[in-house]
Amino acid sequence: MTGPSTTAGGFVPPVYPFDKLGEYHELAARHRGGAVDLSIGTPCDPPPLMVLEALGSSGTERGYPSSVGSQELREAASQWMKRRLGVEVPASAVAACVGTKELVAGVPQWLRLRSPDRDVVLHPELAYPTYEMGAVLARCRPVAVPVRPDGRMDVAAIREEDAVRALCLWVNSPSNPSGMLEDLDGLAAWGREHDVPVFSDECYVEFTWSGPPRSVLQSGIEGVVAVHSLSKRSNLAGLRVGFIAGDPELVSYLAGVRRHAGFMVAGPVQHAAAVALGDDSHVAAQRELYRERIEYLQRVFAAAGLPVVPPGGAFYLWVAAPRGPDFASGGESPAFELGRKLAASGGVVVSPGDAYGPSGRAHVRLAAVQPLERLRLVGERLAAAPFGPPATAST
Ligand SMILES: Cc1ncc(COP(=O)(O)O)c(C=O)c1O
């Protein structure tokens with residue numbers, strides 16, 4: 001028996017970007033010491049012990065948890081925003097989500113229920129792919145906003161006919177994959193002027209290297225929603241918990257719809273997240289680990305002839321492929337070819353930049369999510385054979 005088939009023209013999920021990297025893993029695994037996987041931005045360091053203890057002590061297992069989030073969690077989020085971002089957002093303008101990826105993927109369908117005459121989702125042309133996918137899943141039209149050479153979105157390039165139909169404008173600062181920092185005040189002002197809600201994905205805000213942490217909420221909460229995650233901040237990607245905060249009407253609309261749809265963060269996870277948000281010291285320690293790894297990788301890549309612009313934030317290195325015939329051959333993107341060479345020579349698995357939009361096709365992204373001793377393996381291998389011979393897994 002076969003499963004249900006799609007009707008002609010029905011949605012077929014594309015291959016997941018990280019499932020395309022089999023050849024890289026195979027090449028990198030040939031190195032003594034094995035592959036060093038820097039392809040996925042998944043934390044490798046342990047979460048704080050007190051958070052793990054909190055998971056087992058909430059007493060919330062029996063009953064259904066609150067969909068919008070417990071008062072404890074929303075208060076902790078509000079206090080954290082006050083401490084770290086200098087903004088006053090009442091707990092009533094905060095709502096929980098089950099990790100932010102599901103929220104990002106779902107926002108277009110929820111907003112479309114609110115504004116049925118709109119169907120456009122604006123997102124940076126170089127971006128975390130779920131902004132575009134959320135639009136596709138809601139049968140909306142994703143519109144990529146051009147990104148200028150300084151890494152900031154060129155909102156002046158948004159066509160009027162797209163702006164009037166826009167459900168939201170997505171921004172991500174610090175940016176995955178480029179590490180660039182956005183002009184959040186300018187984007188919030190554009191959104192207010194055009195009556196387009198601005199959704200600001202700030203999951204890397206605690207890892208801001210250039211200046212203080214910045215939030216769209218610093219421009220006021222009207223017309224904007226900040227999206228925050230515990231995954232990167234506290235190494236809790238496995239717990240699945242985040243929150244939104246901002247415009248009270250937008251937050252309560254989203255929370256209301258999502259309550260009917262049955263979205264709930266598990267009770268013990270809500271308590272653990274509140275405990276994590278109450279502590280900044282583990283984040284400070286984590287920040288230093290990422291800083292050290294990023295600086296080390298920058299030195300390694302510069303020595304291998306691949307200088308990298310230091311990221312303004314986040315824990316990625318956005319590495320440009322060298323220009324030349326080796327990197328523009330065979331119909332493959334220079335990114336894919338560079339990724340293959342790095343797997344063969346450095347035993348390191350990276351993420352080709354195409355995954356973040358066509359403008360990423362000449363870069364690869366490295367996530368500084370392995371301990372320094374693993375990164376040193378990459379440094380030693382690349383120093384011994386900067387790029388080696390052209391490589392394929394079948395040779
Ligand atoms: C920009 C960005 N937004 C959202 C997410 C999703 O994070 P989570 O669902 O773990 O909160 C990620 C994860 O890598 C990300 O890079």
# chains A, B, ... in the order shown; residues from 1 in each chain; ligands from 1
>>> residues_near_ligand(ligand="ligand 1", cutoff="7 Å", atoms="only C-alpha atoms and all ligand atoms", output="list in words")
Gly41, Thr42, Gly99, Thr100, Lys101, Glu102, Tyr128, Asn172, Ser175, Asn176, Asp201, Cys203, Ser229, Leu230, Ser231, Ala237, Arg240, Val241 and Gly242 of chain A
>>> residues_around(residues="stretch 184-192 of chain A", least_positions_apart="6", cutoff="6 Å", atoms="only C-alpha atoms", output="list in words")
Val198, Val216 and Ser219 of chain A
>>> atom_distance(atom1="atom CA of A:Gly56", atom2="atom CA of A:Cys44")
21.8 Å
>>> select_by_dssp(residues="stretch 139-297 of chain A", states="strand (DSSP E or B)", output="tab-separated table (two decimals) with N, CA and C atoms, in the first residue's frame")
chain	number	residue	atom	x	y	z
A	141	ARG	N	2.76	34.83	-0.54
A	141	ARG	CA	3.84	35.13	-1.49
A	141	ARG	C	5.04	35.66	-0.72
A	142	PRO	N	6.16	34.87	-0.67
A	142	PRO	CA	7.35	35.43	-0.03
A	142	PRO	C	8.00	36.45	-0.95
A	143	VAL	N	8.35	37.60	-0.42
A	143	VAL	CA	9.04	38.62	-1.23
A	143	VAL	C	10.37	38.92	-0.55
A	144	ALA	N	11.46	38.64	-1.25
A	144	ALA	CA	12.80	38.84	-0.70
A	144	ALA	C	13.18	40.31	-0.82
A	145	VAL	N	13.51	40.92	0.31
A	145	VAL	CA	13.93	42.32	0.30
A	145	VAL	C	15.45	42.35	0.08
A	147	VAL	N	19.32	42.97	0.15
A	147	VAL	CA	20.23	43.31	1.25
A	147	VAL	C	21.40	44.08	0.65
A	153	MET	N	18.87	45.49	5.22
A	153	MET	CA	17.82	45.42	4.21
A	153	MET	C	17.57	46.78	3.58
A	166	ALA	N	1.36	43.39	2.54
A	166	ALA	CA	2.29	42.67	3.43
A	166	ALA	C	1.65	42.33	4.77
A	167	LEU	N	1.75	41.06	5.14
A	167	LEU	CA	1.31	40.61	6.45
A	167	LEU	C	2.34	40.98	7.51
A	168	CYS	N	3.61	40.94	7.11
A	168	CYS	CA	4.67	41.27	8.06
A	168	CYS	C	5.98	41.47	7.30
A	169	LEU	N	6.90	42.12	7.98
A	169	LEU	CA	8.29	42.21	7.52
A	169	LEU	C	9.14	41.48	8.56
A	170	TRP	N	9.89	40.48	8.11
A	170	TRP	CA	10.80	39.77	9.00
A	170	TRP	C	12.17	40.42	9.01
A	171	VAL	N	12.76	40.52	10.18
A	171	VAL	CA	14.15	40.96	10.27
A	171	VAL	C	14.83	40.04	11.27
A	172	ASN	N	16.11	39.82	11.06
A	172	ASN	CA	16.87	38.93	11.96
A	172	ASN	C	18.21	39.59	12.24
A	198	VAL	N	6.27	44.57	12.08
A	198	VAL	CA	7.67	44.14	11.95
A	198	VAL	C	7.93	43.05	12.98
A	199	PHE	N	8.31	41.87	12.50
A	199	PHE	CA	8.66	40.75	13.38
A	199	PHE	C	10.17	40.63	13.41
A	200	SER	N	10.74	40.81	14.59
A	200	SER	CA	12.19	40.87	14.71
A	200	SER	C	12.69	39.63	15.45
A	201	ASP	N	13.35	38.76	14.71
A	201	ASP	CA	13.87	37.50	15.27
A	201	ASP	C	15.22	37.82	15.92
A	208	THR	N	25.97	39.43	20.88
A	208	THR	CA	26.22	40.63	20.07
A	208	THR	C	27.64	41.06	20.35
A	224	VAL	N	5.31	46.29	16.53
A	224	VAL	CA	6.48	45.39	16.40
A	224	VAL	C	6.36	44.22	17.37
A	225	VAL	N	6.94	43.09	16.97
A	225	VAL	CA	6.98	41.90	17.83
A	225	VAL	C	8.40	41.36	17.80
A	226	ALA	N	9.00	41.21	18.98
A	226	ALA	CA	10.33	40.59	19.05
A	226	ALA	C	10.14	39.10	19.34
A	227	VAL	N	10.99	38.29	18.70
A	227	VAL	CA	10.90	36.84	18.85
A	227	VAL	C	12.19	36.37	19.54
A	228	HIS	N	12.04	35.73	20.70
A	228	HIS	CA	13.22	35.31	21.48
A	228	HIS	C	13.19	33.82	21.76
A	229	SER	N	14.39	33.26	21.86
A	229	SER	CA	14.52	31.82	22.03
A	229	SER	C	15.46	31.51	23.18
A	242	GLY	N	10.51	29.31	23.59
A	242	GLY	CA	10.85	30.69	23.25
A	242	GLY	C	9.66	31.55	23.60
A	243	PHE	N	9.73	32.83	23.20
A	243	PHE	CA	8.56	33.69	23.46
A	243	PHE	C	8.54	34.85	22.49
A	244	ILE	N	7.36	35.43	22.37
A	244	ILE	CA	7.22	36.67	21.61
A	244	ILE	C	6.84	37.78	22.59
A	245	ALA	N	7.19	39.01	22.23
A	245	ALA	CA	6.89	40.14	23.10
A	245	ALA	C	6.76	41.39	22.23
A	246	GLY	N	5.83	42.23	22.57
A	246	GLY	CA	5.72	43.48	21.82
A	246	GLY	C	4.30	44.00	21.78
>>> closest_atom_pairs(of="stretch 33-136 of chain A", to="stretch 350-369 of chain A", cutoff="10 Å", atoms="only C-alpha atoms", output="JSON lines")
{"residue": "A:Val36", "atom": "CA", "partner": "A:Val350", "partner_atom": "CA", "distance": 9.0}
{"residue": "A:Asp37", "atom": "CA", "partner": "A:Val350", "partner_atom": "CA", "distance": 6.9}
{"residue": "A:Leu38", "atom": "CA", "partner": "A:Ala367", "partner_atom": "CA", "distance": 4.8}
{"residue": "A:Ser39", "atom": "CA", "partner": "A:Val350", "partner_atom": "CA", "distance": 4.1}
{"residue": "A:Ile40", "atom": "CA", "partner": "A:Ala367", "partner_atom": "CA", "distance": 6.4}
{"residue": "A:Gly41", "atom": "CA", "partner": "A:Ala367", "partner_atom": "CA", "distance": 5.4}
{"residue": "A:Thr42", "atom": "CA", "partner": "A:Val369", "partner_atom": "CA", "distance": 6.7}
{"residue": "A:Pro43", "atom": "CA", "partner": "A:Val369", "partner_atom": "CA", "distance": 5.7}
{"residue": "A:Cys44", "atom": "CA", "partner": "A:Val369", "partner_atom": "CA", "distance": 5.9}
{"residue": "A:Asp45", "atom": "CA", "partner": "A:Val369", "partner_atom": "CA", "distance": 8.0}
{"residue": "A:Pro124", "atom": "CA", "partner": "A:Gly357", "partner_atom": "CA", "distance": 9.0}
{"residue": "A:Glu125", "atom": "CA", "partner": "A:Gly357", "partner_atom": "CA", "distance": 6.1}
{"residue": "A:Leu126", "atom": "CA", "partner": "A:Gly357", "partner_atom": "CA", "distance": 5.2}
{"residue": "A:Ala127", "atom": "CA", "partner": "A:Tyr356", "partner_atom": "CA", "distance": 5.0}
{"residue": "A:Tyr128", "atom": "CA", "partner": "A:Tyr356", "partner_atom": "CA", "distance": 5.7}
{"residue": "A:Pro129", "atom": "CA", "partner": "A:Tyr356", "partner_atom": "CA", "distance": 5.6}
{"residue": "A:Thr130", "atom": "CA", "partner": "A:Tyr356", "partner_atom": "CA", "distance": 9.4}
{"residue": "A:Glu132", "atom": "CA", "partner": "A:Gly357", "partner_atom": "CA", "distance": 9.4}
>>> write_last_selection(atoms="N, CA and C atoms", output="PDB file, in the first residue's frame")
ATOM      1  N   VAL A  36      34.564  17.234  11.733  1.00  0.00           N
ATOM      2  CA  VAL A  36      34.196  18.289  12.678  1.00  0.00           C
ATOM      3  C   VAL A  36      32.984  18.988  12.060  1.00  0.00           C
ATOM      4  N   ASP A  37      31.845  18.767  12.674  1.00  0.00           N
ATOM      5  CA  ASP A  37      30.595  19.215  12.052  1.00  0.00           C
ATOM      6  C   ASP A  37      30.226  20.623  12.518  1.00  0.00           C
ATOM      7  N   LEU A  38      30.417  21.584  11.629  1.00  0.00           N
ATOM      8  CA  LEU A  38      30.055  22.979  11.943  1.00  0.00           C
ATOM      9  C   LEU A  38      28.911  23.433  11.038  1.00  0.00           C
ATOM     10  N   SER A  39      28.127  22.463  10.549  1.00  0.00           N
ATOM     11  CA  SER A  39      27.089  22.816   9.575  1.00  0.00           C
ATOM     12  C   SER A  39      25.826  23.364  10.246  1.00  0.00           C
ATOM     13  N   ILE A  40      25.438  22.803  11.376  1.00  0.00           N
ATOM     14  CA  ILE A  40      24.167  23.192  12.008  1.00  0.00           C
ATOM     15  C   ILE A  40      24.457  24.042  13.251  1.00  0.00           C
ATOM     16  N   GLY A  41      23.651  25.072  13.430  1.00  0.00           N
ATOM     17  CA  GLY A  41      23.859  25.962  14.578  1.00  0.00           C
ATOM     18  C   GLY A  41      23.234  25.410  15.842  1.00  0.00           C
ATOM     19  N   THR A  42      23.581  24.171  16.158  1.00  0.00           N
ATOM     20  CA  THR A  42      22.994  23.543  17.345  1.00  0.00           C
ATOM     21  C   THR A  42      23.999  23.576  18.492  1.00  0.00           C
ATOM     22  N   PRO A  43      23.607  24.111  19.649  1.00  0.00           N
ATOM     23  CA  PRO A  43      24.576  24.238  20.745  1.00  0.00           C
ATOM     24  C   PRO A  43      25.148  22.888  21.170  1.00  0.00           C
ATOM     25  N   CYS A  44      26.431  22.872  21.552  1.00  0.00           N
ATOM     26  CA  CYS A  44      27.060  21.627  22.009  1.00  0.00           C
ATOM     27  C   CYS A  44      27.405  21.697  23.491  1.00  0.00           C
ATOM     28  N   ASP A  45      27.311  22.886  24.081  1.00  0.00           N
ATOM     29  CA  ASP A  45      27.717  23.049  25.475  1.00  0.00           C
ATOM     30  C   ASP A  45      26.537  22.755  26.398  1.00  0.00           C
ATOM     31  N   PRO A 124      14.359  39.187   4.533  1.00  0.00           N
ATOM     32  CA  PRO A 124      15.649  39.545   3.912  1.00  0.00           C
ATOM     33  C   PRO A 124      16.023  38.518   2.846  1.00  0.00           C
ATOM     34  N   GLU A 125      16.645  38.984   1.764  1.00  0.00           N
ATOM     35  CA  GLU A 125      16.981  38.035   0.682  1.00  0.00           C
ATOM     36  C   GLU A 125      18.004  36.996   1.155  1.00  0.00           C
ATOM     37  N   LEU A 126      18.857  37.381   2.099  1.00  0.00           N
ATOM     38  CA  LEU A 126      19.811  36.436   2.674  1.00  0.00           C
ATOM     39  C   LEU A 126      19.331  36.171   4.093  1.00  0.00           C
ATOM     40  N   ALA A 127      18.806  34.968   4.351  1.00  0.00           N
ATOM     41  CA  ALA A 127      18.154  34.778   5.647  1.00  0.00           C
ATOM     42  C   ALA A 127      17.953  33.312   6.001  1.00  0.00           C
ATOM     43  N   TYR A 128      17.714  33.093   7.290  1.00  0.00           N
ATOM     44  CA  TYR A 128      17.189  31.832   7.818  1.00  0.00           C
ATOM     45  C   TYR A 128      15.996  31.426   6.930  1.00  0.00           C
ATOM     46  N   PRO A 129      16.026  30.218   6.366  1.00  0.00           N
ATOM     47  CA  PRO A 129      15.045  29.901   5.310  1.00  0.00           C
ATOM     48  C   PRO A 129      13.601  29.782   5.785  1.00  0.00           C
ATOM     49  N   THR A 130      13.361  29.710   7.083  1.00  0.00           N
ATOM     50  CA  THR A 130      11.995  29.470   7.568  1.00  0.00           C
ATOM     51  C   THR A 130      11.077  30.678   7.358  1.00  0.00           C
ATOM     52  N   GLU A 132      10.825  32.357   4.569  1.00  0.00           N
ATOM     53  CA  GLU A 132      10.240  32.092   3.252  1.00  0.00           C
ATOM     54  C   GLU A 132       9.310  30.867   3.331  1.00  0.00           C
TER      55      GLU A 132
END
>>> select_by_dssp(residues="stretch 16-253 of chain A", states="helix (DSSP H, G or I)", output="VMD selection string")
chain A and resid 17 to 20 22 to 29 49 to 55 71 to 85 91 to 93 100 to 114 130 to 137 155 to 157 160 to 163 184 to 194 216 to 219 230 to 233 248 to 253
>>> write_last_selection(atoms="C-alpha atoms", output="PDB file, in the first residue's frame")
ATOM      1  CA  PRO A  17      19.138  21.745   3.441  1.00  0.00           C
ATOM      2  CA  PHE A  18      21.186  19.737   5.968  1.00  0.00           C
ATOM      3  CA  ASP A  19      20.144  16.471   4.271  1.00  0.00           C
ATOM      4  CA  LYS A  20      22.149  17.511   1.207  1.00  0.00           C
ATOM      5  CA  GLY A  22      26.094  13.506   2.803  1.00  0.00           C
ATOM      6  CA  GLU A  23      29.116  13.888   0.531  1.00  0.00           C
ATOM      7  CA  TYR A  24      30.685  16.430   2.905  1.00  0.00           C
ATOM      8  CA  HIS A  25      30.244  14.115   5.891  1.00  0.00           C
ATOM      9  CA  GLU A  26      31.779  11.241   3.960  1.00  0.00           C
ATOM     10  CA  LEU A  27      34.817  13.276   2.874  1.00  0.00           C
ATOM     11  CA  ALA A  28      35.377  14.810   6.294  1.00  0.00           C
ATOM     12  CA  ALA A  29      35.047  11.477   8.111  1.00  0.00           C
ATOM     13  CA  LEU A  49      22.648  22.583  36.127  1.00  0.00           C
ATOM     14  CA  MET A  50      20.025  24.630  37.980  1.00  0.00           C
ATOM     15  CA  VAL A  51      17.878  24.595  34.827  1.00  0.00           C
ATOM     16  CA  LEU A  52      18.075  20.811  34.606  1.00  0.00           C
ATOM     17  CA  GLU A  53      17.163  20.585  38.292  1.00  0.00           C
ATOM     18  CA  ALA A  54      14.238  22.946  37.733  1.00  0.00           C
ATOM     19  CA  LEU A  55      12.917  20.594  35.052  1.00  0.00           C
ATOM     20  CA  GLN A  71       2.821  33.961  34.776  1.00  0.00           C
ATOM     21  CA  GLU A  72       6.236  32.879  36.086  1.00  0.00           C
ATOM     22  CA  LEU A  73       7.658  32.487  32.560  1.00  0.00           C
ATOM     23  CA  ARG A  74       6.144  35.720  31.226  1.00  0.00           C
ATOM     24  CA  GLU A  75       7.375  37.682  34.247  1.00  0.00           C
ATOM     25  CA  ALA A  76      10.865  36.196  33.855  1.00  0.00           C
ATOM     26  CA  ALA A  77      10.870  37.190  30.173  1.00  0.00           C
ATOM     27  CA  SER A  78       9.725  40.697  31.047  1.00  0.00           C
ATOM     28  CA  GLN A  79      12.450  41.053  33.702  1.00  0.00           C
ATOM     29  CA  TRP A  80      15.111  39.705  31.337  1.00  0.00           C
ATOM     30  CA  MET A  81      14.130  42.244  28.635  1.00  0.00           C
ATOM     31  CA  LYS A  82      14.340  45.023  31.202  1.00  0.00           C
ATOM     32  CA  ARG A  83      17.765  43.910  32.445  1.00  0.00           C
ATOM     33  CA  ARG A  84      19.450  43.026  29.169  1.00  0.00           C
ATOM     34  CA  LEU A  85      17.650  45.167  26.589  1.00  0.00           C
ATOM     35  CA  ALA A  91       4.207  40.271  31.156  1.00  0.00           C
ATOM     36  CA  SER A  92       0.754  40.672  29.577  1.00  0.00           C
ATOM     37  CA  ALA A  93       2.481  41.525  26.251  1.00  0.00           C
ATOM     38  CA  THR A 100      10.758  29.846  17.715  1.00  0.00           C
ATOM     39  CA  LYS A 101      11.008  27.845  14.493  1.00  0.00           C
ATOM     40  CA  GLU A 102       7.376  26.744  14.702  1.00  0.00           C
ATOM     41  CA  LEU A 103       6.377  30.346  15.462  1.00  0.00           C
ATOM     42  CA  VAL A 104       8.345  31.696  12.503  1.00  0.00           C
ATOM     43  CA  ALA A 105       6.848  29.049  10.210  1.00  0.00           C
ATOM     44  CA  GLY A 106       3.319  29.713  11.503  1.00  0.00           C
ATOM     45  CA  VAL A 107       3.148  33.516  11.688  1.00  0.00           C
ATOM     46  CA  PRO A 108       1.998  34.009   8.071  1.00  0.00           C
ATOM     47  CA  GLN A 109      -0.996  31.678   8.457  1.00  0.00           C
ATOM     48  CA  TRP A 110      -2.037  33.259  11.761  1.00  0.00           C
ATOM     49  CA  LEU A 111      -1.637  36.802  10.420  1.00  0.00           C
ATOM     50  CA  ARG A 112      -3.551  35.917   7.299  1.00  0.00           C
ATOM     51  CA  LEU A 113      -6.535  34.953   9.436  1.00  0.00           C
ATOM     52  CA  ARG A 114      -6.329  38.439  10.922  1.00  0.00           C
ATOM     53  CA  THR A 130      11.995  29.470   7.568  1.00  0.00           C
ATOM     54  CA  TYR A 131      10.773  33.032   6.889  1.00  0.00           C
ATOM     55  CA  GLU A 132      10.240  32.092   3.252  1.00  0.00           C
ATOM     56  CA  MET A 133       8.968  28.602   4.097  1.00  0.00           C
ATOM     57  CA  GLY A 134       6.347  30.023   6.467  1.00  0.00           C
ATOM     58  CA  ALA A 135       4.968  32.073   3.583  1.00  0.00           C
ATOM     59  CA  VAL A 136       4.939  29.046   1.295  1.00  0.00           C
ATOM     60  CA  LEU A 137       3.193  26.881   3.901  1.00  0.00           C
ATOM     61  CA  VAL A 155      13.422  48.706   2.493  1.00  0.00           C
ATOM     62  CA  ALA A 156      13.333  51.545  -0.043  1.00  0.00           C
ATOM     63  CA  ALA A 157      13.370  48.806  -2.683  1.00  0.00           C
ATOM     64  CA  GLU A 160       4.320  49.788  -2.972  1.00  0.00           C
ATOM     65  CA  GLU A 161       2.040  46.995  -4.228  1.00  0.00           C
ATOM     66  CA  ASP A 162       3.921  44.496  -2.030  1.00  0.00           C
ATOM     67  CA  ALA A 163       3.925  46.797   1.005  1.00  0.00           C
ATOM     68  CA  LEU A 184      16.112  48.007  13.857  1.00  0.00           C
ATOM     69  CA  ASP A 185      14.850  51.544  14.562  1.00  0.00           C
ATOM     70  CA  GLY A 186      14.773  52.308  10.847  1.00  0.00           C
ATOM     71  CA  LEU A 187      12.881  49.105  10.073  1.00  0.00           C
ATOM     72  CA  ALA A 188      10.376  49.692  12.872  1.00  0.00           C
ATOM     73  CA  ALA A 189       9.792  53.200  11.505  1.00  0.00           C
ATOM     74  CA  TRP A 190       9.244  51.808   7.988  1.00  0.00           C
ATOM     75  CA  GLY A 191       6.744  49.277   9.369  1.00  0.00           C
ATOM     76  CA  ARG A 192       4.787  51.899  11.291  1.00  0.00           C
ATOM     77  CA  GLU A 193       4.735  54.245   8.308  1.00  0.00           C
ATOM     78  CA  HIS A 194       3.425  51.492   6.002  1.00  0.00           C
ATOM     79  CA  VAL A 216      13.315  46.299  17.928  1.00  0.00           C
ATOM     80  CA  LEU A 217      11.462  46.923  21.218  1.00  0.00           C
ATOM     81  CA  GLN A 218      13.890  49.755  21.991  1.00  0.00           C
ATOM     82  CA  SER A 219      11.937  51.798  19.422  1.00  0.00           C
ATOM     83  CA  LEU A 230      16.089  29.930  24.911  1.00  0.00           C
ATOM     84  CA  SER A 231      17.770  27.558  22.437  1.00  0.00           C
ATOM     85  CA  LYS A 232      20.934  29.546  21.817  1.00  0.00           C
ATOM     86  CA  ARG A 233      20.946  31.770  24.889  1.00  0.00           C
ATOM     87  CA  PRO A 248      -0.152  43.979  22.876  1.00  0.00           C
ATOM     88  CA  GLU A 249      -2.819  43.564  20.201  1.00  0.00           C
ATOM     89  CA  LEU A 250      -0.600  41.436  17.920  1.00  0.00           C
ATOM     90  CA  VAL A 251       0.740  39.317  20.784  1.00  0.00           C
ATOM     91  CA  SER A 252      -2.708  38.622  22.214  1.00  0.00           C
ATOM     92  CA  TYR A 253      -4.117  37.844  18.754  1.00  0.00           C
TER      93      TYR A 253
END
>>> closest_residue(among="A:Val300, A:Val257, A:Val205, A:Val164", to="A:Arg381", atoms="only C-alpha atoms")
A:Val300
>>> residues_around(residues="stretch 180-182 of chain A", least_positions_apart="2", cutoff="7 Å", atoms="only C-alpha atoms", output="list in words")
Gly151, Arg152, Ser173, Pro174, Ser175, Ser178, Leu184, Pro311, Gly312 and Gly313 of chain A
>>> decode(residues="stretch 21-62 of chain A", atoms="C-alpha atoms", output="tab-separated table (two decimals), in the first residue's frame")
chain	number	residue	atom	x	y	z
A	21	LEU	CA	25.48	17.27	2.97
A	22	GLY	CA	26.09	13.51	2.80
A	23	GLU	CA	29.12	13.89	0.53
A	24	TYR	CA	30.68	16.43	2.90
A	25	HIS	CA	30.24	14.12	5.89
A	26	GLU	CA	31.78	11.24	3.96
A	27	LEU	CA	34.82	13.28	2.87
A	28	ALA	CA	35.38	14.81	6.29
A	29	ALA	CA	35.05	11.48	8.11
A	30	ARG	CA	38.13	10.17	6.27
A	31	HIS	CA	40.33	12.36	8.45
A	32	ARG	CA	41.98	10.91	11.51
A	33	GLY	CA	39.92	12.30	14.39
A	34	GLY	CA	36.79	12.28	12.24
A	35	ALA	CA	34.56	14.98	10.86
A	36	VAL	CA	34.20	18.29	12.68
A	37	ASP	CA	30.59	19.22	12.05
A	38	LEU	CA	30.05	22.98	11.94
A	39	SER	CA	27.09	22.82	9.58
A	40	ILE	CA	24.17	23.19	12.01
A	41	GLY	CA	23.86	25.96	14.58
A	42	THR	CA	22.99	23.54	17.34
A	43	PRO	CA	24.58	24.24	20.74
A	44	CYS	CA	27.06	21.63	22.01
A	45	ASP	CA	27.72	23.05	25.48
A	46	PRO	CA	25.73	21.95	28.52
A	47	PRO	CA	22.84	24.00	29.89
A	48	PRO	CA	23.14	25.27	33.48
A	49	LEU	CA	22.65	22.58	36.13
A	50	MET	CA	20.03	24.63	37.98
A	51	VAL	CA	17.88	24.60	34.83
A	52	LEU	CA	18.07	20.81	34.61
A	53	GLU	CA	17.16	20.58	38.29
A	54	ALA	CA	14.24	22.95	37.73
A	55	LEU	CA	12.92	20.59	35.05
A	56	GLY	CA	12.35	17.90	37.64
A	57	SER	CA	10.90	20.05	40.38
A	58	SER	CA	8.04	22.09	38.91
A	59	GLY	CA	5.22	19.70	39.83
A	60	THR	CA	3.47	20.71	36.62
A	61	GLU	CA	3.39	17.32	34.92
A	62	ARG	CA	-0.22	16.35	35.62
